[in-house]
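> Next comes the structure file entry_30.txt, holding compact mmCIF, C-alpha atoms and all ligand atoms.
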# COMPACT_ATOMS: atom_id res chain seq x y z
CA MET A 87 0.00 0.00 0.00
CA PRO A 88 1.42 3.40 -0.94
CA ALA A 89 2.40 5.71 1.87
CA LEU A 90 0.43 8.55 0.31
CA GLU A 91 -2.76 7.71 -1.49
CA TRP A 92 -4.60 9.85 -3.97
CA THR A 93 -8.19 10.36 -2.86
CA GLU A 94 -11.00 12.60 -4.03
CA GLN A 95 -10.45 14.66 -0.92
CA LEU A 96 -7.23 15.93 -2.47
CA GLU A 97 -9.05 17.30 -5.51
CA ASN A 98 -9.30 21.07 -5.63
CA GLY A 99 -11.40 21.40 -8.75
CA LEU A 100 -8.66 22.88 -10.90
CA ALA A 101 -7.64 20.19 -13.39
CA ARG A 102 -4.10 21.35 -13.96
CA MET A 103 -3.42 21.62 -10.24
CA ASP A 104 -5.02 18.26 -9.51
CA ASP A 105 -2.88 16.59 -12.20
CA THR A 106 0.25 18.12 -10.69
CA HIS A 107 -0.81 16.90 -7.27
CA ARG A 108 -1.31 13.36 -8.60
CA GLU A 109 2.22 13.54 -9.95
CA PHE A 110 3.45 14.67 -6.53
CA VAL A 111 1.78 11.61 -4.96
CA ASP A 112 3.35 9.23 -7.53
CA LEU A 113 6.84 10.67 -7.21
CA TYR A 114 6.62 10.81 -3.44
CA ASN A 115 5.61 7.14 -3.35
CA ALA A 116 8.54 6.25 -5.60
CA VAL A 117 10.90 7.85 -3.07
CA ALA A 118 9.18 6.18 -0.14
CA ALA A 119 9.46 2.77 -1.82
CA ALA A 120 12.99 3.21 -3.20
CA ALA A 121 15.75 0.83 -2.16
CA PRO A 122 18.65 2.65 -0.47
CA GLU A 123 20.77 2.59 -3.63
CA ASP A 124 17.92 4.15 -5.64
CA PHE A 125 16.86 6.68 -3.05
CA LEU A 126 18.81 9.66 -4.35
CA ALA A 127 17.67 9.20 -7.96
CA ALA A 128 14.04 8.95 -6.85
CA TYR A 129 14.54 11.92 -4.55
CA ASP A 130 15.97 14.00 -7.38
CA ALA A 131 12.96 13.25 -9.57
CA PHE A 132 10.70 14.27 -6.71
CA LEU A 133 12.72 17.44 -6.07
CA ALA A 134 12.56 18.44 -9.74
CA HIS A 135 8.81 17.96 -9.60
CA ALA A 136 8.51 20.06 -6.44
CA GLU A 137 10.49 22.91 -8.03
CA ALA A 138 8.26 22.98 -11.10
CA HIS A 139 5.05 22.40 -9.13
CA PHE A 140 5.67 25.25 -6.70
CA ALA A 141 7.02 27.57 -9.42
CA GLU A 142 3.83 27.11 -11.40
CA GLU A 143 1.58 27.91 -8.47
CA ASN A 144 3.78 30.91 -7.64
CA GLN A 145 3.42 32.12 -11.19
CA TRP A 146 -0.40 31.87 -11.01
CA MET A 147 -0.35 33.82 -7.75
CA GLU A 148 1.82 36.50 -9.30
CA ALA A 149 -0.38 36.71 -12.37
CA VAL A 150 -3.50 37.44 -10.36
CA GLY A 151 -1.90 39.32 -7.48
CA PHE A 152 -2.86 36.67 -4.95
CA PRO A 153 -1.74 37.80 -1.50
CA GLY A 154 -0.40 35.87 1.42
CA CYS A 155 2.18 33.45 2.64
CA HIS A 156 1.77 30.64 0.12
CA ARG A 157 4.89 31.46 -1.85
CA ALA A 158 6.99 31.73 1.29
CA GLU A 159 5.72 28.32 2.32
CA HIS A 160 6.85 26.85 -1.00
CA ASP A 161 10.26 28.49 -0.60
CA ARG A 162 10.63 27.16 2.90
CA VAL A 163 9.79 23.60 1.89
CA LEU A 164 12.17 23.76 -1.08
CA ALA A 165 14.95 24.94 1.21
CA VAL A 166 14.29 21.95 3.46
CA LEU A 167 14.22 19.56 0.49
CA HIS A 168 17.54 20.89 -0.81
CA ASP A 169 19.15 20.76 2.61
CA ILE A 170 18.06 17.17 3.11
CA ARG A 171 19.31 16.23 -0.33
CA LYS A 172 22.80 17.38 0.68
CA ARG A 173 22.67 15.32 3.85
CA VAL A 174 21.47 12.22 2.01
CA GLU A 175 24.23 12.65 -0.52
CA ARG A 176 26.73 12.60 2.36
CA GLY A 177 25.23 9.33 3.52
CA ASP A 178 23.14 10.76 6.33
CA MET A 179 19.75 9.13 5.78
CA PHE A 180 18.18 10.04 9.08
CA LEU A 181 16.46 13.26 8.03
CA GLY A 182 15.70 11.80 4.62
CA ARG A 183 13.67 9.05 6.25
CA ARG A 184 12.08 11.49 8.64
CA LEU A 185 11.07 13.76 5.78
CA ILE A 186 9.45 10.81 4.03
CA GLU A 187 7.46 10.12 7.17
CA GLU A 188 6.30 13.69 7.56
CA LEU A 189 5.62 14.77 4.00
CA PRO A 190 2.19 13.12 3.62
CA ALA A 191 0.73 15.10 6.50
CA TRP A 192 2.30 18.30 5.19
CA PHE A 193 1.02 17.63 1.68
CA ARG A 194 -2.59 16.91 2.74
CA ASN A 195 -2.54 20.04 4.85
CA HIS A 196 -1.07 22.19 2.10
CA VAL A 197 -3.40 20.89 -0.61
CA ASP A 198 -6.39 21.29 1.65
CA GLY A 199 -5.39 24.76 2.86
CA MET A 200 -3.24 27.01 0.72
CA ASP A 201 -3.67 25.18 -2.58
CA ALA A 202 -7.43 24.87 -2.09
CA ALA A 203 -7.65 28.59 -1.40
CA LEU A 204 -5.63 29.35 -4.52
CA ALA A 205 -7.70 27.01 -6.72
CA PHE A 206 -10.90 28.50 -5.34
CA HIS A 207 -9.67 32.01 -6.06
CA LEU A 208 -8.48 31.21 -9.60
CA ASN A 209 -11.76 29.49 -10.38
CA SER A 210 -13.85 32.26 -8.92
CA ILE A 211 -12.14 35.00 -10.91
CA GLY A 212 -12.19 32.83 -14.04
CA TYR A 213 -8.43 32.61 -14.48
CA ASP A 214 -7.50 30.15 -17.19
CA VAL A 215 -4.23 28.53 -16.13
CA ALA A 216 -3.50 27.24 -19.65
CA SER A 217 -3.63 30.63 -21.36
CA GLY A 218 -3.14 32.98 -18.43
CA ALA A 219 -6.31 34.81 -19.49
CA LEU A 220 -9.22 35.85 -17.34
CA LEU A 221 -12.44 34.26 -18.54
CA PRO A 222 -15.68 36.17 -18.24
CA ARG A 223 -17.74 35.10 -15.24
CA ALA A 224 -21.08 33.46 -15.87
CA GLU A 225 -24.05 35.78 -15.52
CA GLY A 226 -25.37 35.77 -11.99
CA ASP A 227 -22.16 34.30 -10.65
CA ASP A 228 -21.50 36.44 -7.63
CA ALA A 229 -19.62 33.90 -5.54
CA PRO A 230 -17.03 35.39 -3.24
CA ARG A 231 -13.78 36.04 -5.03
CA SER A 232 -11.44 34.90 -2.34
CA ARG A 233 -11.34 33.20 1.01
CA GLY A 234 -7.87 34.29 2.03
CA CYS A 235 -4.53 32.64 1.49
CA GLY A 236 -5.32 29.47 3.43
CA CYS A 237 -2.40 29.86 5.81
CA ALA A 238 -1.85 26.84 8.00
CA ALA A 239 1.07 25.71 10.09
CA LEU A 240 3.53 23.31 8.52
CA SER A 241 4.26 20.35 10.73
CA ALA A 242 6.78 18.62 8.48
CA GLU A 243 9.89 20.52 9.40
CA PRO A 244 13.00 18.54 10.18
CA ALA A 245 15.20 19.72 13.02
CA ALA A 246 17.81 22.26 11.96
FE FE A 301 0.34 22.38 -4.96
FE FE A 302 1.07 25.27 -3.01
Would you mind writing the file's structure down as structure tokens?
Ligand SMILES: [Fe+2]
Ligand SMILES: [Fe+2]

Amino acid sequence: MPALEWTEQLENGLARMDDTHREFVDLYNAVAAAAPEDFLAAYDAFLAHAEAHFAEENQWMEAVGFPGCHRAEHDRVLAVLHDIRKRVERGDMFLGRRLIEELPAWFRNHVDGMDAALAFHLNSIGYDVASGALLPRAEGDDAPRSRGCGCAALSAEPAA
């Protein structure tokens, strides 16, 4: 059984984001299941995904002027991922294993909080992530345009 399972609960109703999140789950599970000699290669694939995944969300936020701490959260997690990569490369697996244990909880929290808030906002203003264009809202659609940045505490932080 995979350590992180895709469920409908992780869907945020923005196809491009949901696809990226499925890819996160797959690549995470590949790291979690990797034999020690394959760990770094799997980790690198996961890290490359995380860079692109977070950069894309950051770019959407920039495009629509989305406020809040979401970008800083991405930056913080990337810094942790890079730091742990260096340690693993030196043969110190302890934090690598610990990260693998803690990432699922962080991911569910992040997808359900900050990413959900971003998806909701992009959908409600009619932002088309493929073209970067704002689509006209349907007549009578007066849903709220934002519900904040979805800030939530990150629990998956390895010791310094
Ligand atoms: Fe995301
Ligand atoms: Fe995010």
> Between A:Val111, A:Ala158, A:Ala149, A:Asn195, which has the minimum distance to A:Leu220 (counting only C-alpha atoms)?
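Of all the options, A:Ala149 lies closest to A:Leu220.
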> Using only C-alpha atoms, which residue out of A:Glu148, A:Glu225, A:Asp198, A:Glu142 lies closest to A:Thr93?
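Closest candidate: A:Asp198.
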> Set the cut-off to 8 Å, count all atoms listed in the file, and list whatever residues fall near ligand FE 301 (chain A) as a list in words.
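If we count all atoms listed in the file, the neighbours of ligand FE 301 (chain A) turn out to be Met103, Thr106, His107, His139, Phe140, Glu143, His196, Val197 and Asp201 of chain A.
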> Nearest residue to A:Phe125 out of A:Glu175, A:Asp105, A:Glu94, A:Glu187, using only C-alpha atoms?
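Closest to A:Phe125, using only C-alpha atoms: A:Glu175.
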> Just checking: using all atoms listed in the file, which residue out of A:Arg176, A:Val166, A:Leu181, A:Ser210 ends up closest to A:Gly99?
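Closest residue, counting all atoms listed in the file: A:Ser210.
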> Smallest atom-to-atom distance to ligand FE 302 (chain A): which of A:Pro222, A:Pro153, A:Gly199, A:Gly182, using all atoms listed in the file?
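Smallest distance to ligand FE 302 (chain A) is found for A:Gly199.
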> Rebuild stretch 182-196 of chain A to N, CA and C atoms - output it as a short mmCIF file (atom, residue, chain, number, x, y, z; two decimals), in the coordinates of the input, please.

data_model
loop_
_atom_site.label_atom_id
_atom_site.label_comp_id
_atom_site.auth_asym_id
_atom_site.auth_seq_id
_atom_site.Cartn_x
_atom_site.Cartn_y
_atom_site.Cartn_z
N GLY A 182 16.38 12.23 5.83
CA GLY A 182 15.70 11.80 4.62
C GLY A 182 14.51 10.91 4.95
N ARG A 183 14.75 9.95 5.82
CA ARG A 183 13.67 9.05 6.25
C ARG A 183 12.59 9.81 7.02
N ARG A 184 13.04 10.73 7.83
CA ARG A 184 12.08 11.49 8.64
C ARG A 184 11.20 12.37 7.73
N LEU A 185 11.83 12.95 6.73
CA LEU A 185 11.07 13.76 5.78
C LEU A 185 10.00 12.90 5.10
N ILE A 186 10.40 11.71 4.70
CA ILE A 186 9.45 10.81 4.03
C ILE A 186 8.27 10.50 4.95
N GLU A 187 8.55 10.37 6.22
CA GLU A 187 7.46 10.12 7.17
C GLU A 187 6.53 11.32 7.30
N GLU A 188 7.10 12.50 7.23
CA GLU A 188 6.30 13.69 7.56
C GLU A 188 5.65 14.36 6.36
N LEU A 189 6.16 14.07 5.17
CA LEU A 189 5.62 14.77 4.00
C LEU A 189 4.13 14.52 3.74
N PRO A 190 3.62 13.30 3.92
CA PRO A 190 2.19 13.12 3.62
C PRO A 190 1.29 14.06 4.41
N ALA A 191 1.57 14.21 5.70
CA ALA A 191 0.73 15.10 6.50
C ALA A 191 0.86 16.54 6.02
N TRP A 192 2.10 16.94 5.70
CA TRP A 192 2.30 18.30 5.19
C TRP A 192 1.52 18.48 3.88
N PHE A 193 1.64 17.50 3.00
CA PHE A 193 1.02 17.63 1.68
C PHE A 193 -0.52 17.74 1.81
N ARG A 194 -1.12 16.86 2.59
CA ARG A 194 -2.59 16.91 2.74
C ARG A 194 -3.01 18.27 3.27
N ASN A 195 -2.26 18.75 4.24
CA ASN A 195 -2.54 20.04 4.85
C ASN A 195 -2.42 21.19 3.85
N HIS A 196 -1.35 21.12 3.07
CA HIS A 196 -1.07 22.19 2.10
C HIS A 196 -2.11 22.19 0.98
#
